[in-house]
file protein27.cif (mmCIF, C-alpha atoms and all ligand atoms)
data_my_file
#
loop_
_atom_site.label_atom_id
_atom_site.label_comp_id
_atom_site.auth_asym_id
_atom_site.auth_seq_id
_atom_site.Cartn_x
_atom_site.Cartn_y
_atom_site.Cartn_z
CA MET E 15 28.66 77.28 -121.33
CA ARG E 16 32.47 77.07 -121.20
CA LEU E 17 33.50 73.82 -119.62
CA ARG E 18 36.64 73.22 -117.62
CA ASN E 19 37.51 70.13 -115.69
CA VAL E 20 36.89 70.81 -112.03
CA LYS E 21 39.03 68.68 -109.76
CA GLY E 22 37.01 66.48 -107.44
CA ALA E 23 33.70 67.59 -108.98
CA SER E 24 32.26 64.11 -109.29
CA GLU E 25 32.97 63.28 -105.62
CA ARG E 26 31.52 66.59 -104.43
CA ILE E 27 28.39 66.05 -106.48
CA ASP E 28 27.94 62.52 -105.16
CA ALA E 29 28.32 63.76 -101.59
CA SER E 30 25.56 66.37 -101.89
CA LYS E 31 22.26 65.67 -100.13
CA TYR E 32 20.47 67.36 -103.04
CA ILE E 33 21.64 64.84 -105.64
CA ILE E 34 19.41 61.91 -106.59
CA LYS E 35 21.88 59.19 -107.57
CA ASP E 36 19.60 56.27 -108.37
CA TYR E 37 17.14 58.47 -110.25
CA GLU E 38 15.63 55.74 -112.44
CA LYS E 39 14.50 53.90 -109.30
CA TYR E 40 11.90 56.56 -108.48
CA ARG E 41 10.24 56.52 -111.92
CA GLY E 42 6.50 56.88 -111.37
CA ASN E 43 7.03 57.36 -107.65
CA TYR E 44 8.82 60.68 -107.23
CA LYS E 45 6.23 61.86 -104.71
CA SER E 46 7.64 59.30 -102.28
CA LEU E 47 11.04 60.99 -102.55
CA PHE E 48 9.56 64.28 -101.41
CA ASN E 49 7.18 62.57 -99.03
CA ASN E 50 4.23 64.76 -100.09
CA ASP E 51 1.62 65.15 -102.85
CA ASN E 52 2.80 68.55 -104.05
CA LYS E 53 3.28 69.05 -107.75
CA ILE E 54 6.70 68.40 -109.27
CA CYS E 55 8.38 70.75 -111.76
CA ILE E 56 11.70 70.19 -113.50
CA GLU E 57 14.28 72.41 -115.16
CA ILE E 58 16.31 70.79 -117.92
CA GLY E 59 19.76 72.31 -118.46
CA MET E 60 19.78 74.11 -115.08
CA GLY E 61 23.40 75.26 -115.40
CA LYS E 62 24.71 76.64 -112.09
CA GLY E 63 21.27 76.48 -110.50
CA ASP E 64 20.21 80.05 -109.65
CA PHE E 65 16.74 79.57 -111.18
CA ILE E 66 15.86 76.24 -109.59
CA LYS E 67 17.22 77.33 -106.21
CA GLY E 68 15.26 80.61 -106.39
CA MET E 69 12.05 78.88 -107.50
CA SER E 70 12.24 76.29 -104.74
CA MET E 71 12.69 79.02 -102.14
CA MET E 72 9.89 81.17 -103.57
CA TYR E 73 7.43 78.25 -103.87
CA PRO E 74 7.97 75.91 -100.89
CA ASN E 75 4.77 74.00 -101.70
CA VAL E 76 6.05 72.91 -105.11
CA ASN E 77 8.77 70.29 -105.57
CA PHE E 78 11.59 71.16 -107.97
CA ILE E 79 14.15 68.95 -109.68
CA GLY E 80 17.03 70.48 -111.64
CA ILE E 81 18.75 68.49 -114.38
CA GLU E 82 22.23 69.18 -115.74
CA LYS E 83 24.53 66.97 -117.74
CA TYR E 84 28.00 68.29 -116.90
CA ASP E 85 29.88 67.68 -113.63
CA SER E 86 31.83 70.92 -114.02
CA VAL E 87 28.58 72.92 -114.10
CA MET E 88 26.58 70.88 -111.57
CA VAL E 89 29.35 71.25 -109.00
CA ARG E 90 28.89 75.05 -109.09
CA ALA E 91 25.21 74.61 -108.27
CA ILE E 92 26.13 72.28 -105.41
CA GLU E 93 28.53 74.92 -104.04
CA LYS E 94 25.76 77.52 -104.07
CA LEU E 95 23.58 75.15 -102.06
CA GLU E 96 26.13 74.52 -99.33
CA ASP E 97 24.74 75.51 -95.91
CA THR E 98 21.16 75.42 -97.19
CA ASP E 99 18.39 73.00 -96.28
CA ILE E 100 15.74 73.28 -98.97
CA GLN E 101 13.30 70.41 -98.56
CA ASN E 102 11.54 70.78 -101.93
CA LEU E 103 14.65 70.75 -104.13
CA ARG E 104 16.62 67.89 -105.68
CA LEU E 105 19.12 67.66 -108.54
CA ILE E 106 19.91 65.01 -111.13
CA LYS E 107 23.13 64.83 -113.12
CA MET E 108 22.23 63.29 -116.45
CA ASP E 109 21.78 63.92 -120.16
CA ALA E 110 18.11 64.69 -120.82
CA GLU E 111 18.24 62.36 -123.84
CA GLY E 112 17.25 59.63 -121.37
CA ILE E 113 14.57 61.63 -119.51
CA GLY E 114 11.83 59.13 -120.42
CA ASN E 115 13.54 56.51 -118.23
CA VAL E 116 13.44 58.83 -115.22
CA PHE E 117 9.87 60.18 -114.94
CA VAL E 118 6.44 58.97 -116.01
CA LYS E 119 3.14 60.82 -115.56
CA GLU E 120 4.38 62.89 -112.61
CA ILE E 121 5.62 66.23 -113.89
CA ASP E 122 3.56 69.41 -113.85
CA THR E 123 5.82 71.88 -115.67
CA ILE E 124 9.10 71.71 -117.60
CA TYR E 125 11.28 74.83 -117.49
CA LEU E 126 13.85 75.36 -120.23
CA ASN E 127 16.10 78.37 -119.69
CA PHE E 128 18.64 79.69 -122.20
CA SER E 129 18.96 76.27 -123.76
CA ASP E 130 21.93 75.69 -126.04
CA PRO E 131 20.92 76.91 -129.53
CA TRP E 132 22.71 74.26 -131.60
CA PRO E 133 22.55 76.57 -134.68
CA LYS E 134 23.61 73.98 -137.27
CA ASP E 135 20.74 72.18 -139.01
CA ARG E 136 22.41 68.84 -138.52
CA HIS E 137 22.27 69.37 -134.72
CA GLU E 138 18.58 70.29 -134.60
CA LYS E 139 17.68 67.13 -132.67
CA ARG E 140 19.86 68.29 -129.77
CA ARG E 141 17.79 71.45 -129.21
CA LEU E 142 15.70 70.95 -126.08
CA THR E 143 12.69 72.50 -127.87
CA SER E 144 12.93 70.24 -130.96
CA SER E 145 10.22 67.70 -131.77
CA ASN E 146 12.80 65.05 -130.80
CA PHE E 147 12.63 66.31 -127.19
CA LEU E 148 8.94 67.32 -127.23
CA ARG E 149 8.18 63.66 -128.03
CA LYS E 150 10.27 62.54 -125.04
CA TYR E 151 8.48 65.03 -122.74
CA ASP E 152 4.98 63.70 -123.65
CA SER E 153 5.05 60.77 -121.22
CA LEU E 154 6.46 62.79 -118.31
CA PHE E 155 3.43 64.96 -117.62
CA VAL E 156 0.79 64.05 -115.07
CA GLY E 157 -1.96 66.07 -116.82
CA THR E 158 -1.91 69.06 -119.16
CA LYS E 159 1.51 69.37 -120.73
CA HIS E 160 3.14 72.65 -119.69
CA ILE E 161 6.48 74.06 -120.84
CA VAL E 162 7.99 77.47 -120.05
CA PHE E 163 10.96 78.53 -122.16
CA LYS E 164 13.05 81.67 -121.94
CA THR E 165 16.07 82.80 -123.94
CA ASP E 166 17.92 85.82 -125.29
CA ASN E 167 18.40 84.05 -128.64
CA ARG E 168 15.90 85.40 -131.17
CA LYS E 169 16.51 82.66 -133.74
CA LEU E 170 16.12 79.87 -131.21
CA PHE E 171 13.00 81.58 -129.86
CA GLU E 172 11.41 81.77 -133.33
CA TYR E 173 12.39 78.16 -134.02
CA SER E 174 10.87 77.08 -130.70
CA ILE E 175 7.55 78.89 -131.24
CA LYS E 176 7.19 76.98 -134.51
CA SER E 177 8.32 73.72 -132.97
CA PHE E 178 5.86 73.99 -130.04
CA THR E 179 2.88 75.00 -132.19
CA ASP E 180 3.62 72.45 -134.96
CA TYR E 181 3.63 69.83 -132.21
CA GLY E 182 0.17 70.92 -131.00
CA TYR E 183 1.07 73.18 -128.07
CA LYS E 184 -1.04 76.31 -127.58
CA ILE E 185 0.50 79.59 -126.48
CA ASN E 186 -0.62 80.50 -122.98
CA ASN E 187 1.64 83.52 -122.62
CA ILE E 188 4.43 85.15 -124.59
CA SER E 189 6.67 88.19 -124.16
CA LEU E 190 9.38 89.70 -126.33
CA ASP E 191 10.67 91.65 -123.33
CA LEU E 192 10.15 89.65 -120.16
CA HIS E 193 11.82 92.18 -117.89
CA LYS E 194 9.45 94.94 -119.03
CA ASP E 195 6.29 92.81 -118.97
CA VAL E 196 6.57 90.59 -115.90
CA LEU E 197 7.15 91.55 -112.29
CA ILE E 198 7.77 88.14 -110.71
CA ASN E 199 10.69 86.38 -112.36
CA ILE E 200 13.61 84.36 -111.06
CA GLU E 201 16.66 85.17 -113.15
CA THR E 202 19.12 82.55 -114.37
CA GLU E 203 22.89 83.12 -114.65
CA TYR E 204 22.64 83.58 -118.42
CA GLU E 205 19.66 85.89 -118.04
CA LYS E 206 21.57 88.17 -115.65
CA LYS E 207 24.48 88.29 -118.05
CA PHE E 208 22.53 89.00 -121.24
CA SER E 209 20.02 91.43 -119.75
CA SER E 210 22.88 93.41 -118.20
CA LEU E 211 24.28 93.74 -121.73
CA GLY E 212 20.95 95.22 -122.84
CA TYR E 213 19.51 92.20 -124.64
CA PRO E 214 15.73 91.64 -124.32
CA ILE E 215 14.71 88.33 -122.78
CA TYR E 216 12.04 86.33 -124.61
CA ILE E 217 9.65 83.97 -122.84
CA ILE E 218 6.94 81.61 -124.02
CA ASP E 219 4.58 79.52 -121.89
CA VAL E 220 2.81 76.73 -123.78
CA ILE E 221 0.24 74.05 -122.91
CA LYS E 222 -1.16 70.94 -124.59
CA ASP E 223 -4.00 68.64 -123.47
C1 LIG J 301 23.46 77.87 -122.07
S1 LIG J 301 23.44 76.99 -120.57
C2 LIG J 301 22.13 77.78 -119.62
C3 LIG J 301 22.22 77.46 -118.17
C4 LIG J 301 21.10 78.02 -117.29
N1 LIG J 301 19.81 77.42 -117.63
C5 LIG J 301 21.02 79.51 -117.39
O1 LIG J 301 20.04 80.01 -117.97
O2 LIG J 301 21.90 80.19 -116.87
C6 LIG J 301 22.67 75.46 -121.04
C7 LIG J 301 22.87 74.38 -120.02
O3 LIG J 301 22.10 73.24 -120.41
C8 LIG J 301 22.86 72.07 -120.21
N2 LIG J 301 22.34 71.05 -121.15
C9 LIG J 301 22.32 71.15 -122.50
N3 LIG J 301 21.81 70.05 -123.05
C10 LIG J 301 21.49 69.23 -122.02
C11 LIG J 301 20.94 67.93 -121.94
N4 LIG J 301 20.64 67.23 -123.07
N5 LIG J 301 20.75 67.38 -120.73
C12 LIG J 301 21.07 68.05 -119.60
N6 LIG J 301 21.61 69.30 -119.61
C13 LIG J 301 21.82 69.88 -120.80
C14 LIG J 301 24.28 72.50 -120.52
O4 LIG J 301 25.24 71.65 -119.96
C15 LIG J 301 24.30 73.90 -119.91
O5 LIG J 301 24.70 73.88 -118.56
#

call {"tool": "encode", "arguments": {"input": "protein27.cif", "output": "C-alpha cells"}}
result
Amino acid sequence: MRLRNVKGASERIDASKYIIKDYEKYRGNYKSLFNNDNKICIEIGMGKGDFIKGMSMMYPNVNFIGIEKYDSVMVRAIEKLEDTDIQNLRLIKMDAEGIGNVFVKEIDTIYLNFSDPWPKDRHEKRRLTSSNFLRKYDSLFVGTKHIVFKTDNRKLFEYSIKSFTDYGYKINNISLDLHKDVLINIETEYEKKFSSLGYPIYIIDVIKD
C-alpha cells in the first residue's frame, strides 16, 4: 500500500466513534464493549476497510474488529464509515506485533486479506502468516483456532499453506479461484483491483484444535 501523509489523519481517527483507543483495557472482556455475547472476529491489516465494513453489515449478529497500523490508511476507512451507525463494528489502529496484549481467549476467526508479502527471506517474520504471527494468534482464540486468508500472490499463498500446516492447522477449505468457486464473498480493495486485472484470487480456510 502506498503511504502518503494525510493531514489531520490522527485527529480524525481519534474522533471516530468506531475507534477503540484504550484497546488493551478490554483484554479478556471485549464482549462488554459490544454489550452482547455474539462471537468476535478480527481482520488484521484491514487497509481501507471495505471487507470489515461489508462483513459487519452482512452479519449483524457477529462482532467485527478491524486492525490497521497506518494512520494514512485507517483514515480512509473512517471516511467510508461517516454517516453510518454499525453497532457490531469497531476499529483499532495498532501494529499487530502487539496483538497478544489486546485479546485473550475471545476471538472466533482471524481474517487476513492480501497481507503484505515481505518477499525477502530476512523479513519472513513480518508476514502475517509466518509462525512468528501464528504463535501470537494462539492465545487469542476462544475455542477452535480459525484463520481465513486470501491473496492474489501465488508465492505468499504457497508459503502460507506450508506455514499453516507445519504449525498444525488443518485445511477446511481452499480455492485457487475464489471468484469462480464461491458465491458469497465480500471483496477487499486489493481484491477488486487484482481481480479486475484478471488475476485469480486464492483463499484458504484453516482450523486447529
Ligand atoms: C496490501 S494491504 C491490503 C489491505 C486490505 N486488506 C485489502 O485487501 O485491500 C496490507 C495492509 O495491512 C497493513 N498491515 C501490514 N502489516 C500490519 C501489521 N503488522 N499490523 C497492522 N496492519 C498491518 C498495511 O498497513 C496495509 O494497509

call {"tool": "closest_residue", "arguments": {"input": "protein27.cif", "among": "E:Arg18, E:Lys159, E:Lys53, E:Lys207", "to": "Ser86 in chain E", "atoms": "all atoms listed in the file"}}
result
E:Arg18

call {"tool": "residues_near_ligand", "arguments": {"input": "protein27.cif", "ligand": "ligand LIG 301 (chain J)", "cutoff": "9 Å", "atoms": "only C-alpha atoms and all ligand atoms", "output": "JSON list (two decimals) with C-alpha atoms, keeping the file's coordinate frame"}}
result
[["chain", "number", "residue", "atom", "x", "y", "z"],
["E", 15, "MET", "CA", 28.66, 77.28, -121.33],
["E", 16, "ARG", "CA", 32.47, 77.07, -121.20],
["E", 17, "LEU", "CA", 33.50, 73.82, -119.62],
["E", 57, "GLU", "CA", 14.28, 72.41, -115.16],
["E", 58, "ILE", "CA", 16.31, 70.79, -117.92],
["E", 59, "GLY", "CA", 19.76, 72.31, -118.46],
["E", 60, "MET", "CA", 19.78, 74.11, -115.08],
["E", 61, "GLY", "CA", 23.40, 75.26, -115.40],
["E", 62, "LYS", "CA", 24.71, 76.64, -112.09],
["E", 63, "GLY", "CA", 21.27, 76.48, -110.50],
["E", 64, "ASP", "CA", 20.21, 80.05, -109.65],
["E", 65, "PHE", "CA", 16.74, 79.57, -111.18],
["E", 81, "ILE", "CA", 18.75, 68.49, -114.38],
["E", 82, "GLU", "CA", 22.23, 69.18, -115.74],
["E", 83, "LYS", "CA", 24.53, 66.97, -117.74],
["E", 84, "TYR", "CA", 28.00, 68.29, -116.90],
["E", 85, "ASP", "CA", 29.88, 67.68, -113.63],
["E", 86, "SER", "CA", 31.83, 70.92, -114.02],
["E", 87, "VAL", "CA", 28.58, 72.92, -114.10],
["E", 88, "MET", "CA", 26.58, 70.88, -111.57],
["E", 107, "LYS", "CA", 23.13, 64.83, -113.12],
["E", 108, "MET", "CA", 22.23, 63.29, -116.45],
["E", 109, "ASP", "CA", 21.78, 63.92, -120.16],
["E", 110, "ALA", "CA", 18.11, 64.69, -120.82],
["E", 111, "GLU", "CA", 18.24, 62.36, -123.84],
["E", 112, "GLY", "CA", 17.25, 59.63, -121.37],
["E", 113, "ILE", "CA", 14.57, 61.63, -119.51],
["E", 125, "TYR", "CA", 11.28, 74.83, -117.49],
["E", 126, "LEU", "CA", 13.85, 75.36, -120.23],
["E", 127, "ASN", "CA", 16.10, 78.37, -119.69],
["E", 128, "PHE", "CA", 18.64, 79.69, -122.20],
["E", 129, "SER", "CA", 18.96, 76.27, -123.76],
["E", 130, "ASP", "CA", 21.93, 75.69, -126.04],
["E", 131, "PRO", "CA", 20.92, 76.91, -129.53],
["E", 140, "ARG", "CA", 19.86, 68.29, -129.77],
["E", 141, "ARG", "CA", 17.79, 71.45, -129.21],
["E", 142, "LEU", "CA", 15.70, 70.95, -126.08],
["E", 164, "LYS", "CA", 13.05, 81.67, -121.94],
["E", 165, "THR", "CA", 16.07, 82.80, -123.94],
["E", 201, "GLU", "CA", 16.66, 85.17, -113.15],
["E", 202, "THR", "CA", 19.12, 82.55, -114.37],
["E", 203, "GLU", "CA", 22.89, 83.12, -114.65],
["E", 204, "TYR", "CA", 22.64, 83.58, -118.42],
["E", 205, "GLU", "CA", 19.66, 85.89, -118.04],
["E", 206, "LYS", "CA", 21.57, 88.17, -115.65],
["E", 207, "LYS", "CA", 24.48, 88.29, -118.05]]

call {"tool": "closest_residue", "arguments": {"input": "protein27.cif", "among": "E:Ile106, E:Ser209, E:Asp223, E:Cys55", "to": "Ser30 in chain E", "atoms": "all atoms listed in the file"}}
result
E:Ile106

call {"tool": "closest_residue", "arguments": {"input": "protein27.cif", "among": "E:Arg90, E:His160, E:Lys119, E:Lys134", "to": "Gly182 in chain E", "atoms": "all atoms listed in the file"}}
result
E:His160

call {"tool": "atom_distance", "arguments": {"input": "protein27.cif", "atom1": "CA of Tyr44 in chain E", "atom2": "CA of Phe78 in chain E"}}
result
10.9 Å

call {"tool": "residues_near_point", "arguments": {"input": "protein27.cif", "point": "(15.2, 82.9, -125.1)", "cutoff": "7 Å", "atoms": "only C-alpha atoms", "output": "list in words"}}
result
Phe128, Phe163, Lys164, Thr165, Asp166, Asn167, Arg168, Leu170, Phe171, Ile215, Tyr216 and Ile217 of chain E
